[in-house]
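Student: I'd like to ask some things about the structure below.
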Amino acid sequence: MSKIIVITSGKGGVGKTTTAINLGAAINYLGGDVLIIDGNLSTPNIGVHLNSPEVPVNLNHVLSNEAEVLEAVYEHASGMKIMPASLSIKDSKKAKPGKIKDFRKEFKKISDYIIVDCAAGLGDEAMSAISAADELIIVTNPEMPAITDALKTIKTAELEKKPIVGVIVTRVKKNQIELQPSTVKEMLEIPILGMIPEDISISKALNEKDAVVHVYPKSGAARAYKEIASKITGIPYNSDIDRESIFERIARAFRRN
Ligand code: ADP
Ligand code: MG
């Protein structure tokens with residue numbers, strides 16, 4: 001029943017960490033049981049995004065058998081669980097990402113949905129996270145370099161026989177210059193799970209050290225992540241309940257000035 005979903009991309013900086021956190025937050029919002037693991041051991045960000053940069057026990061301790069899996073699990077105020085990785089350069093150098101797959105069974109005992117944030121590229125670190133996956137979600141921007149790298153990741157996943165749930169296209173500006181959804185679908189030949197708009201609320205949430213789904217639940221990005229979470233879990237979500245009233249929209253416009 002429990003499954004490990006690895007968020008991967010190929011290209012860096014496309015929105016994997018943002019997606020891992022907000023997809024996790026959105027599944028938790030819908031009532032799903034979630035653990036987010038920071039599988040990006042060289043440059044971990046999950047703890048920083050969620051206001052717990054330094055924790056006494058983390059994924060690095062688990063991988064080096066210095067701690068039990070449960071000791072590295074922390075509960076966020078929202079109820080979702082997180083497992084940060086170490087920010088120390090010394091720990092990152094010592095880390096053994098290849099060990100992640102050895103803990104699959106134990107991770108799966110903790111939550112129903114285990115979301116793993118992944119390093120960019122297709123080096124050892126990313127491949128270790130991919131090898132621990134039950135399913136993959138590909139994140140890309142609607143731009144040619146990101147799509148090219150996503151395609152390479154998709155082909156690699158196929159060789160590894162890892163099922164791909166679909167692609168999340170982030171930072172969508174809805175202009176004529178970026179690649180259109182039909183082109184993205186045609187090039188990647190996998191279903192589009194959802195499109196996340198370019199949204200200032202994402203930067204604001206980062207500033208507030210929380211998920212956009214938590215601090216700006218009615219933003220376009222938060223609603224899009226909740227729609228994707230609903231698709232993945234099968235738990236219904238009606239985005240109309242998160243639609244801003246005209247008064248809220250005016251108030252937001254004033255706050256921006
Ligand atoms: P990755 O993990 O793939 O390197 P991040 O999630 O760290 O990517 O995102 C890279 C940058 O893009 C961050 O500064 C993040 O705040 C920003 N970002 C991600 N998604 C969006 C979005 N939908 N709208 C605006 N900015 C975004
Ligand atoms: Mg990242």
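Residue numbering restarts at 1 in every chain; chains get A, B, ... in the order shown in the structure tokens, and ligands count up from 1 in that same order.
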Sorted by chain and rising residue number, list the residues of chain A at most 9 Å from ligand 1 (counting only C-alpha atoms and all ligand atoms), each with its closest atom pair and distance in Å to one decimal, as JSON lines.

Tutor:
{"residue": "A:Thr8", "atom": "CA", "partner": "ligand 1", "partner_atom_place_in_ligand_line": "3 (O)", "distance": 7.9}
{"residue": "A:Ser9", "atom": "CA", "partner": "ligand 1", "partner_atom_place_in_ligand_line": "3 (O)", "distance": 7.0}
{"residue": "A:Gly10", "atom": "CA", "partner": "ligand 1", "partner_atom_place_in_ligand_line": "3 (O)", "distance": 8.6}
{"residue": "A:Lys11", "atom": "CA", "partner": "ligand 1", "partner_atom_place_in_ligand_line": "3 (O)", "distance": 7.1}
{"residue": "A:Gly12", "atom": "CA", "partner": "ligand 1", "partner_atom_place_in_ligand_line": "4 (O)", "distance": 4.5}
{"residue": "A:Gly13", "atom": "CA", "partner": "ligand 1", "partner_atom_place_in_ligand_line": "4 (O)", "distance": 3.2}
{"residue": "A:Val14", "atom": "CA", "partner": "ligand 1", "partner_atom_place_in_ligand_line": "3 (O)", "distance": 4.0}
{"residue": "A:Gly15", "atom": "CA", "partner": "ligand 1", "partner_atom_place_in_ligand_line": "6 (O)", "distance": 3.2}
{"residue": "A:Lys16", "atom": "CA", "partner": "ligand 1", "partner_atom_place_in_ligand_line": "3 (O)", "distance": 3.7}
{"residue": "A:Thr17", "atom": "CA", "partner": "ligand 1", "partner_atom_place_in_ligand_line": "2 (O)", "distance": 3.7}
{"residue": "A:Thr18", "atom": "CA", "partner": "ligand 1", "partner_atom_place_in_ligand_line": "6 (O)", "distance": 3.7}
{"residue": "A:Thr19", "atom": "CA", "partner": "ligand 1", "partner_atom_place_in_ligand_line": "6 (O)", "distance": 6.3}
{"residue": "A:Ala20", "atom": "CA", "partner": "ligand 1", "partner_atom_place_in_ligand_line": "6 (O)", "distance": 8.0}
{"residue": "A:Ile21", "atom": "CA", "partner": "ligand 1", "partner_atom_place_in_ligand_line": "6 (O)", "distance": 8.6}
{"residue": "A:Asn40", "atom": "CA", "partner": "ligand 1", "partner_atom_place_in_ligand_line": "2 (O)", "distance": 8.8}
{"residue": "A:Asn45", "atom": "CA", "partner": "ligand 1", "partner_atom_place_in_ligand_line": "7 (O)", "distance": 7.6}
{"residue": "A:Asp117", "atom": "CA", "partner": "ligand 1", "partner_atom_place_in_ligand_line": "2 (O)", "distance": 7.6}
{"residue": "A:Cys118", "atom": "CA", "partner": "ligand 1", "partner_atom_place_in_ligand_line": "2 (O)", "distance": 7.6}
{"residue": "A:Ala119", "atom": "CA", "partner": "ligand 1", "partner_atom_place_in_ligand_line": "2 (O)", "distance": 7.5}
{"residue": "A:Ala120", "atom": "CA", "partner": "ligand 1", "partner_atom_place_in_ligand_line": "3 (O)", "distance": 6.8}
{"residue": "A:Val139", "atom": "CA", "partner": "ligand 1", "partner_atom_place_in_ligand_line": "3 (O)", "distance": 7.5}
{"residue": "A:Thr140", "atom": "CA", "partner": "ligand 1", "partner_atom_place_in_ligand_line": "3 (O)", "distance": 8.2}
{"residue": "A:Val169", "atom": "CA", "partner": "ligand 1", "partner_atom_place_in_ligand_line": "23 (N)", "distance": 8.9}
{"residue": "A:Thr170", "atom": "CA", "partner": "ligand 1", "partner_atom_place_in_ligand_line": "23 (N)", "distance": 5.2}
{"residue": "A:Arg171", "atom": "CA", "partner": "ligand 1", "partner_atom_place_in_ligand_line": "23 (N)", "distance": 4.1}
{"residue": "A:Val172", "atom": "CA", "partner": "ligand 1", "partner_atom_place_in_ligand_line": "23 (N)", "distance": 7.0}
{"residue": "A:Lys173", "atom": "CA", "partner": "ligand 1", "partner_atom_place_in_ligand_line": "24 (N)", "distance": 8.8}
{"residue": "A:Met195", "atom": "CA", "partner": "ligand 1", "partner_atom_place_in_ligand_line": "23 (N)", "distance": 8.8}
{"residue": "A:Ile196", "atom": "CA", "partner": "ligand 1", "partner_atom_place_in_ligand_line": "23 (N)", "distance": 5.3}
{"residue": "A:Pro197", "atom": "CA", "partner": "ligand 1", "partner_atom_place_in_ligand_line": "23 (N)", "distance": 5.1}
{"residue": "A:Glu198", "atom": "CA", "partner": "ligand 1", "partner_atom_place_in_ligand_line": "24 (N)", "distance": 3.6}
{"residue": "A:Asp199", "atom": "CA", "partner": "ligand 1", "partner_atom_place_in_ligand_line": "24 (N)", "distance": 3.9}
{"residue": "A:Ile200", "atom": "CA", "partner": "ligand 1", "partner_atom_place_in_ligand_line": "25 (C)", "distance": 5.6}
{"residue": "A:Ser201", "atom": "CA", "partner": "ligand 1", "partner_atom_place_in_ligand_line": "25 (C)", "distance": 7.3}
{"residue": "A:Ile202", "atom": "CA", "partner": "ligand 1", "partner_atom_place_in_ligand_line": "25 (C)", "distance": 5.3}
{"residue": "A:Ser203", "atom": "CA", "partner": "ligand 1", "partner_atom_place_in_ligand_line": "16 (O)", "distance": 4.9}
{"residue": "A:Lys204", "atom": "CA", "partner": "ligand 1", "partner_atom_place_in_ligand_line": "16 (O)", "distance": 8.5}
{"residue": "A:Ala205", "atom": "CA", "partner": "ligand 1", "partner_atom_place_in_ligand_line": "16 (O)", "distance": 8.4}
{"residue": "A:Leu206", "atom": "CA", "partner": "ligand 1", "partner_atom_place_in_ligand_line": "16 (O)", "distance": 6.4}
{"residue": "A:Gly220", "atom": "CA", "partner": "ligand 1", "partner_atom_place_in_ligand_line": "23 (N)", "distance": 8.8}
{"residue": "A:Ala221", "atom": "CA", "partner": "ligand 1", "partner_atom_place_in_ligand_line": "23 (N)", "distance": 6.0}

Student: Keeping only C-alpha atoms, write the selected residues as a PDB file, in the first residue's frame.

Tutor:
ATOM      1  CA  THR A   8      13.522  13.889 -10.197  1.00  0.00           C
ATOM      2  CA  SER A   9      14.298  16.068 -13.211  1.00  0.00           C
ATOM      3  CA  GLY A  10      17.654  15.941 -14.910  1.00  0.00           C
ATOM      4  CA  LYS A  11      18.210  19.676 -14.885  1.00  0.00           C
ATOM      5  CA  GLY A  12      18.823  21.543 -11.613  1.00  0.00           C
ATOM      6  CA  GLY A  13      16.814  24.506 -10.402  1.00  0.00           C
ATOM      7  CA  VAL A  14      13.567  23.492 -12.101  1.00  0.00           C
ATOM      8  CA  GLY A  15      11.483  23.162  -8.897  1.00  0.00           C
ATOM      9  CA  LYS A  16      12.077  19.624  -7.548  1.00  0.00           C
ATOM     10  CA  THR A  17      12.498  20.621  -3.914  1.00  0.00           C
ATOM     11  CA  THR A  18       9.554  23.034  -4.111  1.00  0.00           C
ATOM     12  CA  THR A  19       7.498  20.224  -5.643  1.00  0.00           C
ATOM     13  CA  ALA A  20       8.580  17.571  -3.105  1.00  0.00           C
ATOM     14  CA  ILE A  21       7.586  19.850  -0.222  1.00  0.00           C
ATOM     15  CA  ASN A  40      19.678  15.321  -2.075  1.00  0.00           C
ATOM     16  CA  ASN A  45      17.275  21.872   1.230  1.00  0.00           C
ATOM     17  CA  ASP A 117      13.606  14.932  -3.103  1.00  0.00           C
ATOM     18  CA  CYS A 118      16.425  14.075  -5.477  1.00  0.00           C
ATOM     19  CA  ALA A 119      19.719  15.647  -6.587  1.00  0.00           C
ATOM     20  CA  ALA A 120      19.917  17.084 -10.112  1.00  0.00           C
ATOM     21  CA  VAL A 139       9.728  17.908 -12.870  1.00  0.00           C
ATOM     22  CA  THR A 140      10.537  20.259 -15.722  1.00  0.00           C
ATOM     23  CA  VAL A 169       5.610  21.374 -15.462  1.00  0.00           C
ATOM     24  CA  THR A 170       6.570  24.203 -13.115  1.00  0.00           C
ATOM     25  CA  ARG A 171       7.097  27.961 -13.438  1.00  0.00           C
ATOM     26  CA  VAL A 172       4.568  28.150 -16.256  1.00  0.00           C
ATOM     27  CA  LYS A 173       4.209  31.750 -17.380  1.00  0.00           C
ATOM     28  CA  MET A 195       1.129  22.672 -14.469  1.00  0.00           C
ATOM     29  CA  ILE A 196       2.352  24.949 -11.656  1.00  0.00           C
ATOM     30  CA  PRO A 197       2.161  28.634 -12.535  1.00  0.00           C
ATOM     31  CA  GLU A 198       5.051  31.029 -11.999  1.00  0.00           C
ATOM     32  CA  ASP A 199       3.917  32.386  -8.643  1.00  0.00           C
ATOM     33  CA  ILE A 200       5.430  34.998  -6.317  1.00  0.00           C
ATOM     34  CA  SER A 201       3.783  33.136  -3.406  1.00  0.00           C
ATOM     35  CA  ILE A 202       6.467  30.450  -3.796  1.00  0.00           C
ATOM     36  CA  SER A 203       9.243  32.970  -2.975  1.00  0.00           C
ATOM     37  CA  LYS A 204       7.151  34.448  -0.172  1.00  0.00           C
ATOM     38  CA  ALA A 205       6.593  30.985   1.334  1.00  0.00           C
ATOM     39  CA  LEU A 206      10.334  30.293   1.083  1.00  0.00           C
ATOM     40  CA  GLY A 220      -2.411  29.481  -7.914  1.00  0.00           C
ATOM     41  CA  ALA A 221       0.634  27.314  -7.103  1.00  0.00           C
TER      42      ALA A 221
END

Student: Go through range 164-214 of chain A and collect every residue that DSSP, computed from the backbone, puts in alpha helix (DSSP H); the answer should be as a PyMOL selection string.

Tutor: chain A and resi 181-188+200-207+212-214

Student: Can you tell me, as a short mmCIF file (atom, residue, chain, number, x, y, z; two decimals) with all heavy atoms, in the first residue's frame, what residues are no more than 12 Å from Gly166 in chain A when counting only C-alpha atoms, ignoring any on the same chain fewer than 3 positions away?

Tutor:
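Result went into selection.cif, see below:
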data_model
loop_
_atom_site.label_atom_id
_atom_site.label_comp_id
_atom_site.auth_asym_id
_atom_site.auth_seq_id
_atom_site.Cartn_x
_atom_site.Cartn_y
_atom_site.Cartn_z
N ILE A 5 7.78 7.70 -3.75
CA ILE A 5 7.72 8.48 -4.99
C ILE A 5 8.93 9.41 -5.02
O ILE A 5 9.09 10.27 -4.15
CB ILE A 5 6.42 9.32 -5.07
CG1 ILE A 5 5.19 8.42 -4.88
CG2 ILE A 5 6.35 10.09 -6.38
CD1 ILE A 5 3.87 9.18 -4.78
N VAL A 6 9.80 9.23 -6.00
CA VAL A 6 11.00 10.06 -6.10
C VAL A 6 10.76 11.18 -7.11
O VAL A 6 10.28 10.95 -8.22
CB VAL A 6 12.23 9.20 -6.49
CG1 VAL A 6 13.44 10.07 -6.77
CG2 VAL A 6 12.54 8.22 -5.36
N ILE A 7 11.07 12.41 -6.67
CA ILE A 7 10.88 13.60 -7.51
C ILE A 7 12.21 13.90 -8.19
O ILE A 7 13.19 14.25 -7.53
CB ILE A 7 10.46 14.82 -6.64
CG1 ILE A 7 9.31 14.48 -5.68
CG2 ILE A 7 10.13 16.03 -7.52
CD1 ILE A 7 8.00 14.12 -6.34
N THR A 8 12.25 13.74 -9.49
CA THR A 8 13.52 13.89 -10.20
C THR A 8 13.34 14.76 -11.45
O THR A 8 12.23 15.11 -11.81
CB THR A 8 14.08 12.47 -10.52
OG1 THR A 8 15.34 12.62 -11.15
CG2 THR A 8 13.16 11.68 -11.43
N SER A 9 14.47 15.13 -12.09
CA SER A 9 14.30 16.07 -13.21
C SER A 9 15.34 15.93 -14.32
O SER A 9 15.02 16.05 -15.48
CB SER A 9 14.39 17.51 -12.70
OG SER A 9 15.67 17.77 -12.21
N GLU A 135 7.96 4.62 -7.72
CA GLU A 135 7.47 5.42 -8.86
C GLU A 135 8.28 6.72 -8.93
O GLU A 135 8.78 7.19 -7.91
CB GLU A 135 6.00 5.79 -8.64
CG GLU A 135 5.06 4.61 -8.65
CD GLU A 135 3.64 5.00 -8.29
OE1 GLU A 135 3.40 6.15 -7.88
OE2 GLU A 135 2.75 4.14 -8.44
N LEU A 136 8.32 7.27 -10.13
CA LEU A 136 9.02 8.56 -10.30
C LEU A 136 8.05 9.63 -10.78
O LEU A 136 7.12 9.34 -11.54
CB LEU A 136 10.13 8.44 -11.35
CG LEU A 136 11.22 7.40 -11.13
CD1 LEU A 136 12.17 7.39 -12.32
CD2 LEU A 136 12.00 7.70 -9.85
N ILE A 137 8.31 10.86 -10.34
CA ILE A 137 7.64 12.01 -10.94
C ILE A 137 8.74 12.91 -11.50
O ILE A 137 9.73 13.20 -10.82
CB ILE A 137 6.78 12.77 -9.89
CG1 ILE A 137 5.55 11.93 -9.53
CG2 ILE A 137 6.36 14.15 -10.43
CD1 ILE A 137 4.63 12.57 -8.52
N ILE A 138 8.56 13.30 -12.75
CA ILE A 138 9.55 14.14 -13.41
C ILE A 138 9.10 15.60 -13.30
O ILE A 138 7.93 15.90 -13.55
CB ILE A 138 9.68 13.77 -14.92
CG1 ILE A 138 9.84 12.25 -15.11
CG2 ILE A 138 10.77 14.57 -15.61
CD1 ILE A 138 11.16 11.67 -14.74
N VAL A 139 10.03 16.47 -12.94
CA VAL A 139 9.73 17.91 -12.87
C VAL A 139 10.52 18.61 -13.97
O VAL A 139 11.69 18.33 -14.18
CB VAL A 139 10.11 18.49 -11.49
CG1 VAL A 139 9.89 20.01 -11.46
CG2 VAL A 139 9.30 17.83 -10.38
N THR A 140 9.85 19.50 -14.69
CA THR A 140 10.54 20.26 -15.72
C THR A 140 9.94 21.65 -15.82
O THR A 140 8.85 21.91 -15.30
CB THR A 140 10.47 19.55 -17.10
OG1 THR A 140 11.30 20.26 -18.04
CG2 THR A 140 9.06 19.51 -17.66
N ALA A 150 15.04 16.29 -19.01
CA ALA A 150 13.94 15.45 -18.50
C ALA A 150 13.80 14.19 -19.36
O ALA A 150 13.61 13.08 -18.85
CB ALA A 150 12.63 16.23 -18.50
N LEU A 151 13.95 14.37 -20.66
CA LEU A 151 13.84 13.23 -21.58
C LEU A 151 14.92 12.19 -21.30
O LEU A 151 14.67 10.98 -21.29
CB LEU A 151 13.94 13.75 -23.02
CG LEU A 151 13.58 12.76 -24.11
CD1 LEU A 151 12.18 12.20 -23.90
CD2 LEU A 151 13.64 13.44 -25.48
N ILE A 154 13.91 10.34 -18.27
CA ILE A 154 12.83 9.39 -18.58
C ILE A 154 13.41 8.13 -19.22
O ILE A 154 13.06 7.00 -18.85
CB ILE A 154 11.78 10.06 -19.50
CG1 ILE A 154 11.03 11.15 -18.72
CG2 ILE A 154 10.80 9.04 -20.07
CD1 ILE A 154 10.19 12.08 -19.57
N ALA A 157 15.15 6.11 -16.62
CA ALA A 157 14.19 5.43 -15.74
C ALA A 157 13.61 4.20 -16.44
O ALA A 157 13.41 3.16 -15.81
CB ALA A 157 13.07 6.40 -15.37
N LYS A 162 11.77 1.64 -13.90
CA LYS A 162 11.05 2.37 -12.85
C LYS A 162 9.84 3.06 -13.48
O LYS A 162 9.99 3.86 -14.42
CB LYS A 162 11.96 3.44 -12.22
CG LYS A 162 13.09 2.87 -11.41
CD LYS A 162 12.59 2.25 -10.11
CE LYS A 162 13.72 1.61 -9.33
NZ LYS A 162 13.24 0.89 -8.15
N PRO A 163 8.64 2.77 -12.97
CA PRO A 163 7.45 3.40 -13.54
C PRO A 163 7.43 4.92 -13.29
O PRO A 163 7.79 5.37 -12.21
CB PRO A 163 6.29 2.74 -12.80
CG PRO A 163 6.86 1.73 -11.90
CD PRO A 163 8.34 1.85 -11.87
N VAL A 169 4.95 20.25 -14.79
CA VAL A 169 5.61 21.37 -15.46
C VAL A 169 5.48 22.58 -14.54
O VAL A 169 4.37 22.99 -14.20
CB VAL A 169 4.97 21.66 -16.84
CG1 VAL A 169 5.78 22.70 -17.59
CG2 VAL A 169 4.84 20.38 -17.66
N VAL A 184 5.23 19.86 -24.91
CA VAL A 184 5.90 19.16 -23.80
C VAL A 184 5.46 17.69 -23.80
O VAL A 184 6.27 16.77 -23.71
CB VAL A 184 5.56 19.83 -22.43
CG1 VAL A 184 6.09 19.00 -21.28
CG2 VAL A 184 6.10 21.25 -22.38
N LYS A 185 4.17 17.48 -23.95
CA LYS A 185 3.61 16.12 -23.92
C LYS A 185 4.13 15.29 -25.09
O LYS A 185 4.52 14.13 -24.94
CB LYS A 185 2.08 16.21 -23.96
CG LYS A 185 1.42 14.95 -23.53
CD LYS A 185 -0.02 15.18 -23.13
CE LYS A 185 -0.64 13.85 -22.79
NZ LYS A 185 -1.48 13.31 -23.83
N LEU A 188 7.93 14.49 -24.44
CA LEU A 188 8.27 13.59 -23.33
C LEU A 188 7.51 12.26 -23.40
O LEU A 188 7.93 11.27 -22.79
CB LEU A 188 8.02 14.27 -21.99
CG LEU A 188 8.86 15.54 -21.72
CD1 LEU A 188 8.56 16.07 -20.32
CD2 LEU A 188 10.36 15.27 -21.87
N GLU A 189 6.40 12.25 -24.10
CA GLU A 189 5.58 11.04 -24.25
C GLU A 189 5.17 10.41 -22.93
O GLU A 189 5.12 9.18 -22.80
CB GLU A 189 6.33 10.01 -25.11
CG GLU A 189 6.51 10.47 -26.54
CD GLU A 189 7.25 9.46 -27.40
OE1 GLU A 189 8.23 8.88 -26.89
OE2 GLU A 189 6.86 9.27 -28.55
N ILE A 190 4.94 11.26 -21.91
CA ILE A 190 4.36 10.77 -20.65
C ILE A 190 3.25 11.76 -20.26
O ILE A 190 3.25 12.91 -20.70
CB ILE A 190 5.40 10.63 -19.50
CG1 ILE A 190 6.14 11.97 -19.24
CG2 ILE A 190 6.40 9.53 -19.78
CD1 ILE A 190 7.03 11.93 -18.01
N PRO A 191 2.31 11.30 -19.41
CA PRO A 191 1.20 12.22 -19.07
C PRO A 191 1.67 13.43 -18.27
O PRO A 191 2.61 13.33 -17.47
CB PRO A 191 0.28 11.35 -18.19
CG PRO A 191 0.83 9.98 -18.20
CD PRO A 191 2.20 9.99 -18.78
N ILE A 192 1.00 14.57 -18.50
CA ILE A 192 1.27 15.75 -17.68
C ILE A 192 0.35 15.67 -16.46
O ILE A 192 -0.87 15.65 -16.59
CB ILE A 192 1.02 17.06 -18.48
CG1 ILE A 192 2.01 17.16 -19.65
CG2 ILE A 192 1.14 18.28 -17.56
CD1 ILE A 192 1.91 18.43 -20.47
N LEU A 193 0.98 15.61 -15.26
CA LEU A 193 0.18 15.50 -14.02
C LEU A 193 -0.43 16.84 -13.65
O LEU A 193 -1.47 16.91 -13.01
CB LEU A 193 1.07 15.05 -12.87
CG LEU A 193 1.41 13.59 -12.79
CD1 LEU A 193 2.46 13.36 -11.71
CD2 LEU A 193 0.16 12.79 -12.49
N GLY A 194 0.27 17.90 -14.02
CA GLY A 194 -0.23 19.23 -13.70
C GLY A 194 0.77 20.30 -14.10
O GLY A 194 1.93 19.99 -14.40
N MET A 195 0.29 21.53 -14.11
CA MET A 195 1.13 22.67 -14.47
C MET A 195 1.11 23.64 -13.28
O MET A 195 0.02 24.01 -12.82
CB MET A 195 0.55 23.41 -15.68
CG MET A 195 -0.01 22.51 -16.77
SD MET A 195 1.23 22.11 -17.98
CE MET A 195 1.29 23.65 -18.84
N ILE A 228 -2.85 18.12 -8.13
CA ILE A 228 -1.97 16.98 -8.46
C ILE A 228 -2.03 15.93 -7.34
O ILE A 228 -2.11 14.73 -7.60
CB ILE A 228 -0.52 17.45 -8.70
CG1 ILE A 228 -0.46 18.41 -9.89
CG2 ILE A 228 0.42 16.26 -8.91
CD1 ILE A 228 0.86 19.11 -10.08
N LYS A 231 -4.98 13.85 -7.75
CA LYS A 231 -4.81 12.86 -8.82
C LYS A 231 -4.01 11.66 -8.32
O LYS A 231 -4.32 10.51 -8.63
CB LYS A 231 -4.02 13.49 -9.98
CG LYS A 231 -4.87 14.00 -11.09
CD LYS A 231 -3.99 14.38 -12.27
CE LYS A 231 -4.72 15.38 -13.13
NZ LYS A 231 -3.84 16.00 -14.13
N ILE A 232 -2.96 11.94 -7.55
CA ILE A 232 -2.07 10.86 -7.11
C ILE A 232 -2.73 9.97 -6.06
O ILE A 232 -2.57 8.75 -6.08
CB ILE A 232 -0.75 11.47 -6.55
CG1 ILE A 232 0.04 12.06 -7.73
CG2 ILE A 232 0.09 10.46 -5.79
CD1 ILE A 232 1.23 12.87 -7.31
#

Student: I need the residues in range 30-225 of chain A that are strand (DSSP E) according to DSSP; give them as a ChimeraX atom specification.

Tutor: /A:34-38,74-75,81-83,113-117,135-140,164-172,192-197

Student: Could you check which of A:Val48, A:Leu122, A:Ile164, A:Met144 is closest to Met83 in chain A, using only C-alpha atoms?

Tutor: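 Distance minimum relative to Met83 in chain A lands on A:Val48.
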
Student: From the set A:Leu59, A:Ser78, A:Ala126, A:Thr233, which residue has the shortest atom-to-atom contact distance to ligand 2, counting only C-alpha atoms and all ligand atoms?

Tutor: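 Closest to ligand 2 of all the choices is A:Ala126.
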
Student: If I take CA of Arg223 in chain A and CA of Arg243 in chain A, how far is one from the other in Å, to one decimal?

Tutor: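 Between CA of Arg223 in chain A and CA of Arg243 in chain A the gap works out to 8.6 Å.
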
Student: Which of these, A:Leu87, A:Ile46, A:Ala25, A:Leu179, has the shortest distance to ligand 2 once you count only C-alpha atoms and all ligand atoms?

Tutor: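 When distances to ligand 2 are compared using only C-alpha atoms and all ligand atoms, the smallest one comes from A:Ile46.
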
Student: Which one is closest to ligand 2: A:Leu41, A:Met1, A:Ile168, A:Leu159? Count only C-alpha atoms and all ligand atoms.

Tutor: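 Looking at the shortest contact to ligand 2, the residue is A:Leu41.
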
Student: Quick one: residues within 10 Å of Gly31 in chain A, only C-alpha atoms, excluding same-chain residues fewer than 2 positions away - as a ChimeraX atom specification?

Tutor: /A:25-29,33-34,79-80,233,235

Student: Considering only C-alpha atoms, return as a list in words whatever protein or nucleic-acid residues lie within 7 Å of Asp210 in chain A, sequence-local ones (same chain, fewer than 3 positions apart) excluded.

Tutor: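 Here the answer would be His49, Leu50, Asn51, Ala205, Leu206, His214 and Val215 of chain A.
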
Student: Quick one: everything within 12 Å of range 94-98 of chain A, counting only C-alpha atoms, minus sequence neighbours fewer than 6 positions away in the same chain. Send it as a short mmCIF file (atom, residue, chain, number, x, y, z; two decimals) with N, CA and C atoms, in the first residue's frame.

Tutor:
data_model
loop_
_atom_site.label_atom_id
_atom_site.label_comp_id
_atom_site.auth_asym_id
_atom_site.auth_seq_id
_atom_site.Cartn_x
_atom_site.Cartn_y
_atom_site.Cartn_z
N ASP A 38 14.80 13.98 2.43
CA ASP A 38 15.74 14.77 1.63
C ASP A 38 16.81 13.85 1.04
N GLY A 39 16.55 13.38 -0.16
CA GLY A 39 17.48 12.48 -0.82
C GLY A 39 18.58 13.21 -1.59
N ASN A 40 18.62 14.53 -1.44
CA ASN A 40 19.68 15.32 -2.08
C ASN A 40 20.77 15.54 -1.03
N LEU A 41 21.63 14.52 -0.88
CA LEU A 41 22.58 14.53 0.23
C LEU A 41 23.71 15.54 0.06
N SER A 42 24.05 15.90 -1.16
CA SER A 42 25.15 16.86 -1.34
C SER A 42 24.70 18.30 -1.09
N THR A 43 23.48 18.64 -1.51
CA THR A 43 22.98 20.00 -1.25
C THR A 43 21.53 19.92 -0.74
N PRO A 44 21.37 19.43 0.50
CA PRO A 44 20.02 19.24 1.02
C PRO A 44 19.32 20.56 1.31
N ASN A 58 19.76 12.84 11.49
CA ASN A 58 19.22 13.04 10.14
C ASN A 58 19.48 11.80 9.27
N LEU A 59 19.11 11.94 8.00
CA LEU A 59 19.24 10.81 7.06
C LEU A 59 20.68 10.28 7.00
N ASN A 60 21.65 11.21 7.08
CA ASN A 60 23.06 10.78 7.02
C ASN A 60 23.36 9.76 8.12
N HIS A 61 22.84 10.03 9.34
CA HIS A 61 23.07 9.09 10.45
C HIS A 61 22.44 7.73 10.16
N VAL A 62 21.27 7.76 9.53
CA VAL A 62 20.58 6.50 9.21
C VAL A 62 21.41 5.71 8.21
N LEU A 63 21.88 6.40 7.15
CA LEU A 63 22.61 5.70 6.09
C LEU A 63 23.94 5.13 6.58
N SER A 64 24.51 5.78 7.63
CA SER A 64 25.79 5.27 8.14
C SER A 64 25.56 4.36 9.36
N ASN A 65 24.32 3.93 9.54
CA ASN A 65 23.94 3.02 10.64
C ASN A 65 24.26 3.58 12.03
N GLU A 66 24.26 4.91 12.14
CA GLU A 66 24.51 5.51 13.47
C GLU A 66 23.19 5.79 14.19
N ALA A 85 18.43 15.98 5.66
CA ALA A 85 19.80 15.46 5.55
C ALA A 85 20.74 16.52 6.15
N SER A 86 21.99 16.12 6.38
CA SER A 86 22.92 17.01 7.07
C SER A 86 23.42 18.14 6.17
N LEU A 87 23.54 19.35 6.76
CA LEU A 87 24.05 20.50 5.99
C LEU A 87 25.57 20.56 6.04
N SER A 88 26.18 19.76 6.91
CA SER A 88 27.64 19.86 7.07
C SER A 88 28.37 19.28 5.85
N ARG A 104 14.42 0.93 2.18
CA ARG A 104 13.09 1.06 1.57
C ARG A 104 11.98 0.51 2.48
N CYS A 118 15.29 14.73 -4.82
CA CYS A 118 16.43 14.08 -5.48
C CYS A 118 17.43 15.13 -5.96
N ALA A 119 18.70 14.75 -6.03
CA ALA A 119 19.72 15.65 -6.59
C ALA A 119 19.49 15.80 -8.10
N GLY A 123 23.91 11.51 -11.89
CA GLY A 123 25.09 10.94 -11.23
C GLY A 123 24.68 9.93 -10.17
N ASP A 124 25.68 9.48 -9.38
CA ASP A 124 25.46 8.46 -8.35
C ASP A 124 24.32 8.81 -7.40
N GLU A 125 24.32 10.09 -7.00
CA GLU A 125 23.36 10.50 -5.98
C GLU A 125 21.92 10.39 -6.50
N ALA A 126 21.69 10.96 -7.68
CA ALA A 126 20.34 10.90 -8.25
C ALA A 126 19.97 9.45 -8.55
N MET A 127 20.91 8.69 -9.10
CA MET A 127 20.60 7.29 -9.45
C MET A 127 20.30 6.45 -8.20
N SER A 128 20.96 6.78 -7.08
CA SER A 128 20.68 6.05 -5.84
C SER A 128 19.25 6.29 -5.40
N ALA A 129 18.81 7.56 -5.47
CA ALA A 129 17.42 7.87 -5.08
C ALA A 129 16.46 7.17 -6.04
N ILE A 130 16.78 7.23 -7.34
CA ILE A 130 15.89 6.60 -8.34
C ILE A 130 15.78 5.09 -8.07
N SER A 131 16.90 4.49 -7.68
CA SER A 131 16.87 3.04 -7.47
C SER A 131 16.00 2.67 -6.26
N ALA A 132 15.78 3.64 -5.35
CA ALA A 132 14.95 3.35 -4.17
C ALA A 132 13.46 3.57 -4.45
#

Student: Do you have the CA of Lys3 in chain A-CA of Ala133 in chain A distance handy?

Tutor: 8.0 Å
